[in-house]
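Trainee: Dropping the structure in here first, questions after.
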Amino acid sequence: MDIQTIRKKAKERQKACIVCSYCDGNGCRGKIPGFGGLRTGRSFQRNIEALAAYGLVMNSMSGTVCPKTDVSFFGKTLRFPVMIAPIGAIALNCGWQEETEAREYEYVEAICGGAADAGVAAWTGDGGIPFVYQAGMDMAQKFAKTVIPTIKPRVDEEIIDRIHRAEAANALAVACDIDAATLVNMRLLGQPVEPKSPASIRTLAGISSLPFIVKGIMSAKEALICAEAGVSGIVVSNHGGRALDGLAGTADVLPEIAAAVKGKLTIFVDGGIRHGEDILKMLALGADAVLIGRPVAIAAIGGGREGVRIYLEQLYQEFSEALIITGTPSVDDISSNIIRTLSSY
């Protein structure tokens with residue numbers, strides 16, 4: 001099995017994603033349910049553009065041969081600083097009408113198993129149907145300390161219940177994607193979600209021994225609120241362009257967020273990351289690790305667990321080569337010195 005075979009099968013197996021040659025949001029504008037960005041798709045597209053506005057600087061005479069790529073978060077060592085982003089209700093987004101629960105479990109096992117095989121971690125999703133979150137619980141038990149369940153911004157009591165379930169399932173950490181407060185898919189399924197206040201975040205961060213992560217931070221102000229509330233990590237994210245049209249890209253805001261909270265909590269970022277060079281750019285802009293969603297989903301749909309592993313192995317190779325060419329001997333040595341803002345942007 002290779003990447004092209006995986007992509008071909010993914011296109012055949014589902015009805016929503018076009019499986020474009022380059023996943024930039026242009027071919028799937030407004031396709032929600034589906035894999036597109038909301039309305040005009042500008043928030044999705046801006047993630048791609050914001051990251052493309054930076055170029056890497058070669059330092060190929062440094063002598064870097066075998067860069068050190070491993071990182072540790074919450075007591076777990078990852079082979080390289082990549083995790084799989086949460087995508088819940090895969091059947092709804094793929095246009096599948098039958099065997100939706102079985103397909104959800106098939107997908108979640110593929111991403112969690114593929115992540116474990118590649119030496120990284122997977123985030124699982126939540127949704128309007130109970131089995132969406134439960135699939136993550138089952139995989140957290142199967143792949144101990146490798147899974148981070150993500151909870152929609154429900155009322156606090158429901159979030160707390162799901163946090164305790166994640167703790168019992170031996171999850172690595174638990175997250176809440178607060179930017180899903182107006183998400184279309186949740187509305188379609190009649191599930192109440194709400195914006196979260198600093199007081200709620202403080203309560204949720206202290207309710208369990210599990211590290212608590214807030215996903216959907218796009219300003220230094222809210223990053224500082226999270227740090228002060230005792231949150232273990234944040235994800236700089238605009239929900240893949242699916243929460244609101246016309247948003248800034250994650251690479252637009254990441255540097256100011258990192259300047260405000262770097263070292264106070266773990267900074268994850270998603271949005272438009274497609275190759276190893278993109279991973280390196282995000283780390284140079286201040287992230288500690290990245291989350292990748294749509295390309296991994298395609299790998300899982302087209303190739304199952306093995307497809308996910310193959311895609312992640314490709315990313316690992318690309319990331320290692322990027323470190324070598326930029327003269328960066330380890331992840332700890334990554335700095336803003338290896339990127340430049342491109343004048344054409």
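Identifiers for the structure tokens are assigned positionally: chains receive A, B, ... in sequence, residues are indexed from 1 per chain, and ligands are indexed from 1 in the order shown.
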For the structure I just gave you, how does DSSP split region 131-304 of chain A - specifically, which residues are alpha helix (DSSP H)? Reply as a PyMOL selection string.

Mentor: chain A and resi 131-142+156-168+184-188+198-205+220-228+250-261+276-284+294-304

Trainee: Report as a list in words all protein, DNA and RNA residues lying within 12 Å of Gln4 (chain A), evaluated on only C-alpha atoms, omitting residues in the same chain fewer than 2 positions from it.

Mentor: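 Listing them by chain and then by number gives Met1, Asp2, Ile6, Arg7, Lys8, Lys9, Ala10, Lys11, Val19, Cys20, Ser21, Ile298, Ala299, Gly302, Gly303, Gly307, Ile310 and Tyr311 of chain A.
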
Trainee: Do you know which residues are at most 8 Å from Phe131 (chain A) counting only C-alpha atoms, after dropping those on the same chain fewer than 3 positions away, and could you put them as a PyMOL selection string?

Mentor: chain A and resi 101+104+134-135

Trainee: Please save C-alpha atoms of the selected residues as an mmCIF file, in the first residue's frame.

Mentor:
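Okay, this is what ended up in out_25.cif:
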```
data_model
loop_
_atom_site.group_PDB
_atom_site.id
_atom_site.type_symbol
_atom_site.label_atom_id
_atom_site.label_comp_id
_atom_site.auth_asym_id
_atom_site.auth_seq_id
_atom_site.Cartn_x
_atom_site.Cartn_y
_atom_site.Cartn_z
ATOM 1 C CA GLU A 101 -21.694 3.236 14.633
ATOM 2 C CA GLU A 104 -17.212 5.395 13.693
ATOM 3 C CA GLN A 134 -17.690 6.286 23.643
ATOM 4 C CA ALA A 135 -15.541 5.116 20.732
#
```

Trainee: Residues at most 7 Å from region 254-266 of chain A, counting only C-alpha atoms, excluding those fewer than 3 positions away in the same chain, as a PyMOL selection string?

Mentor: chain A and resi 219-220+223-224+227+232-234+236+250-251+285-286+288

Trainee: Pick the closest to Pro67 (chain A) from A:Gly127, A:Leu247, A:Phe80, A:Leu312: which is it, counting only C-alpha atoms?

Mentor: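 Ranking A:Gly127, A:Leu247, A:Phe80, A:Leu312 by distance to Pro67 (chain A), first place goes to A:Phe80.
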
Trainee: Please list as a PyMOL selection string every residue within 8 Å of Gly136 (chain A), counting only C-alpha atoms and excluding residues in the same chain fewer than 2 positions away.

Mentor: chain A and resi 108+124-125+132-134+138-140+147+149

Trainee: Would you export the selected residues with C-alpha atoms as a compact mmCIF listing (two decimals), in the first residue's frame, please?

Mentor:
```txt
# COMPACT_ATOMS: atom_id res chain seq x y z
CA VAL A 108 -11.39 5.78 15.58
CA THR A 124 -10.68 11.54 19.51
CA GLY A 125 -13.91 13.49 19.05
CA VAL A 132 -18.96 9.06 19.06
CA TYR A 133 -17.44 9.90 22.45
CA GLN A 134 -17.69 6.29 23.64
CA ASP A 138 -12.90 2.32 24.22
CA MET A 139 -9.77 3.19 22.26
CA ALA A 140 -8.25 4.96 25.29
CA VAL A 147 -5.49 8.86 23.36
CA PRO A 149 -10.56 12.50 24.13
```

Trainee: Do you know which residues are at most 9 Å from His164 (chain A) counting only C-alpha atoms, after dropping those on the same chain fewer than 4 positions away, and could you put them as a JSON list (two decimals) with all heavy atoms, in the first residue's frame?

Mentor:
```json
[["chain", "number", "residue", "atom", "x", "y", "z"],
["A", 159, "ILE", "N", -19.64, 18.01, 30.75],
["A", 159, "ILE", "CA", -18.20, 17.94, 30.48],
["A", 159, "ILE", "C", -17.49, 17.23, 31.62],
["A", 159, "ILE", "O", -16.62, 16.37, 31.40],
["A", 159, "ILE", "CB", -17.61, 19.36, 30.29],
["A", 159, "ILE", "CG1", -18.20, 20.01, 29.04],
["A", 159, "ILE", "CG2", -16.08, 19.30, 30.19],
["A", 159, "ILE", "CD1", -17.77, 21.45, 28.83],
["A", 160, "ILE", "N", -17.85, 17.55, 32.85],
["A", 160, "ILE", "CA", -17.22, 16.93, 34.02],
["A", 160, "ILE", "C", -17.44, 15.42, 34.00],
["A", 160, "ILE", "O", -16.52, 14.64, 34.26],
["A", 160, "ILE", "CB", -17.77, 17.56, 35.31],
["A", 160, "ILE", "CG1", -17.23, 18.99, 35.45],
["A", 160, "ILE", "CG2", -17.37, 16.73, 36.54],
["A", 160, "ILE", "CD1", -17.92, 19.82, 36.52],
["A", 168, "ALA", "N", -11.10, 7.38, 33.86],
["A", 168, "ALA", "CA", -11.28, 5.95, 34.13],
["A", 168, "ALA", "C", -10.80, 5.09, 32.96],
["A", 168, "ALA", "O", -10.39, 3.93, 33.16],
["A", 168, "ALA", "CB", -12.76, 5.65, 34.42],
["A", 169, "ALA", "N", -10.83, 5.65, 31.76],
["A", 169, "ALA", "CA", -10.43, 4.91, 30.56],
["A", 169, "ALA", "C", -8.92, 4.93, 30.32],
["A", 169, "ALA", "O", -8.44, 4.37, 29.34],
["A", 169, "ALA", "CB", -11.15, 5.46, 29.34],
["A", 207, "ILE", "N", -10.81, 19.69, 37.99],
["A", 207, "ILE", "CA", -11.76, 18.66, 38.40],
["A", 207, "ILE", "C", -11.14, 17.26, 38.42],
["A", 207, "ILE", "O", -11.69, 16.33, 39.01],
["A", 207, "ILE", "CB", -13.01, 18.69, 37.47],
["A", 207, "ILE", "CG1", -14.21, 18.10, 38.20],
["A", 207, "ILE", "CG2", -12.74, 17.93, 36.17],
["A", 207, "ILE", "CD1", -14.75, 18.97, 39.29],
["A", 208, "SER", "N", -10.00, 17.09, 37.77],
["A", 208, "SER", "CA", -9.45, 15.75, 37.60],
["A", 208, "SER", "C", -7.92, 15.80, 37.63],
["A", 208, "SER", "O", -7.31, 16.85, 37.44],
["A", 208, "SER", "CB", -9.93, 15.17, 36.26],
["A", 208, "SER", "OG", -9.15, 14.07, 35.84],
["A", 210, "LEU", "N", -6.25, 14.32, 35.38],
["A", 210, "LEU", "CA", -5.84, 14.34, 33.97],
["A", 210, "LEU", "C", -5.44, 15.74, 33.54],
["A", 210, "LEU", "O", -6.10, 16.72, 33.92],
["A", 210, "LEU", "CB", -6.99, 13.89, 33.07],
["A", 210, "LEU", "CG", -7.23, 12.40, 32.85],
["A", 210, "LEU", "CD1", -8.38, 12.22, 31.88],
["A", 210, "LEU", "CD2", -5.99, 11.70, 32.34]]
```

Trainee: Skipping near chain neighbours, those fewer than 4 positions away, what residues fall within 8 Å of region 183-198 of chain A using only C-alpha atoms, listed as a PyMOL selection string?

Mentor: chain A and resi 32-33+127-129+152-155+178-179+202+225-226+229+242-243

Trainee: Suppose we keep N, CA and C atoms; can you now write the selection as a PDB file, in the first residue's frame?

Mentor:
```pdb
ATOM      1  N   ILE A  32     -20.408  21.430   4.793  1.00  0.00           N
ATOM      2  CA  ILE A  32     -20.586  20.970   6.166  1.00  0.00           C
ATOM      3  C   ILE A  32     -22.046  20.537   6.315  1.00  0.00           C
ATOM      4  N   PRO A  33     -22.345  19.266   6.672  1.00  0.00           N
ATOM      5  CA  PRO A  33     -21.400  18.180   6.940  1.00  0.00           C
ATOM      6  C   PRO A  33     -20.522  17.900   5.723  1.00  0.00           C
ATOM      7  N   GLY A 127     -19.633  14.203  19.810  1.00  0.00           N
ATOM      8  CA  GLY A 127     -20.669  14.569  18.857  1.00  0.00           C
ATOM      9  C   GLY A 127     -22.049  14.378  19.442  1.00  0.00           C
ATOM     10  N   GLY A 128     -23.047  14.533  18.597  1.00  0.00           N
ATOM     11  CA  GLY A 128     -24.416  14.485  19.047  1.00  0.00           C
ATOM     12  C   GLY A 128     -24.950  13.085  19.285  1.00  0.00           C
ATOM     13  N   ILE A 129     -24.190  12.071  18.898  1.00  0.00           N
ATOM     14  CA  ILE A 129     -24.597  10.682  19.096  1.00  0.00           C
ATOM     15  C   ILE A 129     -23.669  10.069  20.140  1.00  0.00           C
ATOM     16  N   LYS A 152     -17.040  18.366  23.417  1.00  0.00           N
ATOM     17  CA  LYS A 152     -17.679  19.589  22.944  1.00  0.00           C
ATOM     18  C   LYS A 152     -18.037  20.478  24.142  1.00  0.00           C
ATOM     19  N   PRO A 153     -18.182  21.794  23.937  1.00  0.00           N
ATOM     20  CA  PRO A 153     -18.469  22.709  25.054  1.00  0.00           C
ATOM     21  C   PRO A 153     -19.921  22.622  25.513  1.00  0.00           C
ATOM     22  N   ARG A 154     -20.247  21.486  26.062  1.00  0.00           N
ATOM     23  CA  ARG A 154     -21.580  21.241  26.618  1.00  0.00           C
ATOM     24  C   ARG A 154     -21.708  22.002  27.936  1.00  0.00           C
ATOM     25  N   VAL A 155     -22.803  21.822  28.638  1.00  0.00           N
ATOM     26  CA  VAL A 155     -22.901  22.407  29.976  1.00  0.00           C
ATOM     27  C   VAL A 155     -21.838  21.755  30.844  1.00  0.00           C
ATOM     28  N   ILE A 178     -13.537  24.516  22.787  1.00  0.00           N
ATOM     29  CA  ILE A 178     -14.481  25.590  23.124  1.00  0.00           C
ATOM     30  C   ILE A 178     -14.947  26.366  21.898  1.00  0.00           C
ATOM     31  N   ASP A 179     -14.223  26.247  20.781  1.00  0.00           N
ATOM     32  CA  ASP A 179     -14.622  26.948  19.558  1.00  0.00           C
ATOM     33  C   ASP A 179     -15.774  26.258  18.836  1.00  0.00           C
ATOM     34  N   ARG A 202     -11.590  27.355  34.673  1.00  0.00           N
ATOM     35  CA  ARG A 202     -10.894  27.113  35.949  1.00  0.00           C
ATOM     36  C   ARG A 202     -11.464  25.882  36.648  1.00  0.00           C
ATOM     37  N   ILE A 225      -5.551  33.670  29.940  1.00  0.00           N
ATOM     38  CA  ILE A 225      -6.648  33.236  30.815  1.00  0.00           C
ATOM     39  C   ILE A 225      -6.502  31.746  31.114  1.00  0.00           C
ATOM     40  N   CYS A 226      -6.186  30.969  30.094  1.00  0.00           N
ATOM     41  CA  CYS A 226      -6.010  29.528  30.283  1.00  0.00           C
ATOM     42  C   CYS A 226      -4.835  29.231  31.209  1.00  0.00           C
ATOM     43  N   ALA A 229      -5.756  29.910  34.689  1.00  0.00           N
ATOM     44  CA  ALA A 229      -6.779  28.988  35.190  1.00  0.00           C
ATOM     45  C   ALA A 229      -6.223  27.612  35.517  1.00  0.00           C
ATOM     46  N   ARG A 242     -14.161  25.809  10.448  1.00  0.00           N
ATOM     47  CA  ARG A 242     -15.544  25.351  10.484  1.00  0.00           C
ATOM     48  C   ARG A 242     -16.381  26.046  11.555  1.00  0.00           C
ATOM     49  N   ALA A 243     -15.757  26.920  12.362  1.00  0.00           N
ATOM     50  CA  ALA A 243     -16.484  27.596  13.436  1.00  0.00           C
ATOM     51  C   ALA A 243     -17.060  28.941  13.003  1.00  0.00           C
TER      52      ALA A 243
END
```

Trainee: Looking only at strand (DSSP E or B) from DSSP on the backbone, list the matching residues of region 242-289 of chain A as a ChimeraX atom specification.

Mentor: /A:262,265-269,289

Trainee: With all heavy atoms kept, could you save the residues just selected as a PDB file, in the first residue's frame?

Mentor:
```pdb
ATOM      1  N   LYS A 262       4.462  30.877  26.324  1.00  0.00           N
ATOM      2  CA  LYS A 262       5.451  29.809  26.127  1.00  0.00           C
ATOM      3  C   LYS A 262       6.112  29.464  27.455  1.00  0.00           C
ATOM      4  O   LYS A 262       6.578  30.328  28.181  1.00  0.00           O
ATOM      5  CB  LYS A 262       6.511  30.260  25.119  1.00  0.00           C
ATOM      6  CG  LYS A 262       7.511  29.177  24.722  1.00  0.00           C
ATOM      7  CD  LYS A 262       6.921  28.214  23.720  1.00  0.00           C
ATOM      8  CE  LYS A 262       7.997  27.300  23.122  1.00  0.00           C
ATOM      9  NZ  LYS A 262       7.435  26.362  22.156  1.00  0.00           N
ATOM     10  N   LEU A 265       2.432  26.721  29.711  1.00  0.00           N
ATOM     11  CA  LEU A 265       1.610  25.561  29.381  1.00  0.00           C
ATOM     12  C   LEU A 265       2.079  25.022  28.033  1.00  0.00           C
ATOM     13  O   LEU A 265       2.914  25.632  27.366  1.00  0.00           O
ATOM     14  CB  LEU A 265       0.118  25.918  29.355  1.00  0.00           C
ATOM     15  CG  LEU A 265      -0.360  27.238  28.724  1.00  0.00           C
ATOM     16  CD1 LEU A 265      -0.106  27.299  27.241  1.00  0.00           C
ATOM     17  CD2 LEU A 265      -1.852  27.443  29.003  1.00  0.00           C
ATOM     18  N   THR A 266       1.577  23.877  27.639  1.00  0.00           N
ATOM     19  CA  THR A 266       1.960  23.285  26.361  1.00  0.00           C
ATOM     20  C   THR A 266       1.136  23.909  25.238  1.00  0.00           C
ATOM     21  O   THR A 266      -0.084  24.032  25.353  1.00  0.00           O
ATOM     22  CB  THR A 266       1.742  21.763  26.379  1.00  0.00           C
ATOM     23  OG1 THR A 266       2.496  21.199  27.453  1.00  0.00           O
ATOM     24  CG2 THR A 266       2.193  21.136  25.072  1.00  0.00           C
ATOM     25  N   ILE A 267       1.827  24.312  24.168  1.00  0.00           N
ATOM     26  CA  ILE A 267       1.159  24.951  23.037  1.00  0.00           C
ATOM     27  C   ILE A 267       1.097  23.980  21.859  1.00  0.00           C
ATOM     28  O   ILE A 267       2.124  23.612  21.287  1.00  0.00           O
ATOM     29  CB  ILE A 267       1.886  26.234  22.600  1.00  0.00           C
ATOM     30  CG1 ILE A 267       2.003  27.218  23.762  1.00  0.00           C
ATOM     31  CG2 ILE A 267       1.163  26.872  21.419  1.00  0.00           C
ATOM     32  CD1 ILE A 267       2.874  28.418  23.454  1.00  0.00           C
ATOM     33  N   PHE A 268      -0.118  23.563  21.531  1.00  0.00           N
ATOM     34  CA  PHE A 268      -0.362  22.783  20.319  1.00  0.00           C
ATOM     35  C   PHE A 268      -0.973  23.718  19.269  1.00  0.00           C
ATOM     36  O   PHE A 268      -1.515  24.769  19.604  1.00  0.00           O
ATOM     37  CB  PHE A 268      -1.329  21.636  20.601  1.00  0.00           C
ATOM     38  CG  PHE A 268      -0.881  20.678  21.669  1.00  0.00           C
ATOM     39  CD1 PHE A 268      -1.411  20.751  22.949  1.00  0.00           C
ATOM     40  CD2 PHE A 268       0.062  19.704  21.407  1.00  0.00           C
ATOM     41  CE1 PHE A 268      -1.013  19.866  23.946  1.00  0.00           C
ATOM     42  CE2 PHE A 268       0.477  18.815  22.393  1.00  0.00           C
ATOM     43  CZ  PHE A 268      -0.064  18.898  23.672  1.00  0.00           C
ATOM     44  N   VAL A 269      -0.874  23.331  18.015  1.00  0.00           N
ATOM     45  CA  VAL A 269      -1.479  24.127  16.947  1.00  0.00           C
ATOM     46  C   VAL A 269      -1.951  23.199  15.839  1.00  0.00           C
ATOM     47  O   VAL A 269      -1.346  22.136  15.591  1.00  0.00           O
ATOM     48  CB  VAL A 269      -0.476  25.178  16.387  1.00  0.00           C
ATOM     49  CG1 VAL A 269       0.697  24.513  15.682  1.00  0.00           C
ATOM     50  CG2 VAL A 269      -1.170  26.165  15.446  1.00  0.00           C
ATOM     51  N   ALA A 289       3.994  21.271  19.603  1.00  0.00           N
ATOM     52  CA  ALA A 289       3.635  20.138  18.746  1.00  0.00           C
ATOM     53  C   ALA A 289       2.458  20.559  17.888  1.00  0.00           C
ATOM     54  O   ALA A 289       1.810  21.578  18.148  1.00  0.00           O
ATOM     55  CB  ALA A 289       3.279  18.904  19.573  1.00  0.00           C
TER      56      ALA A 289
END
```
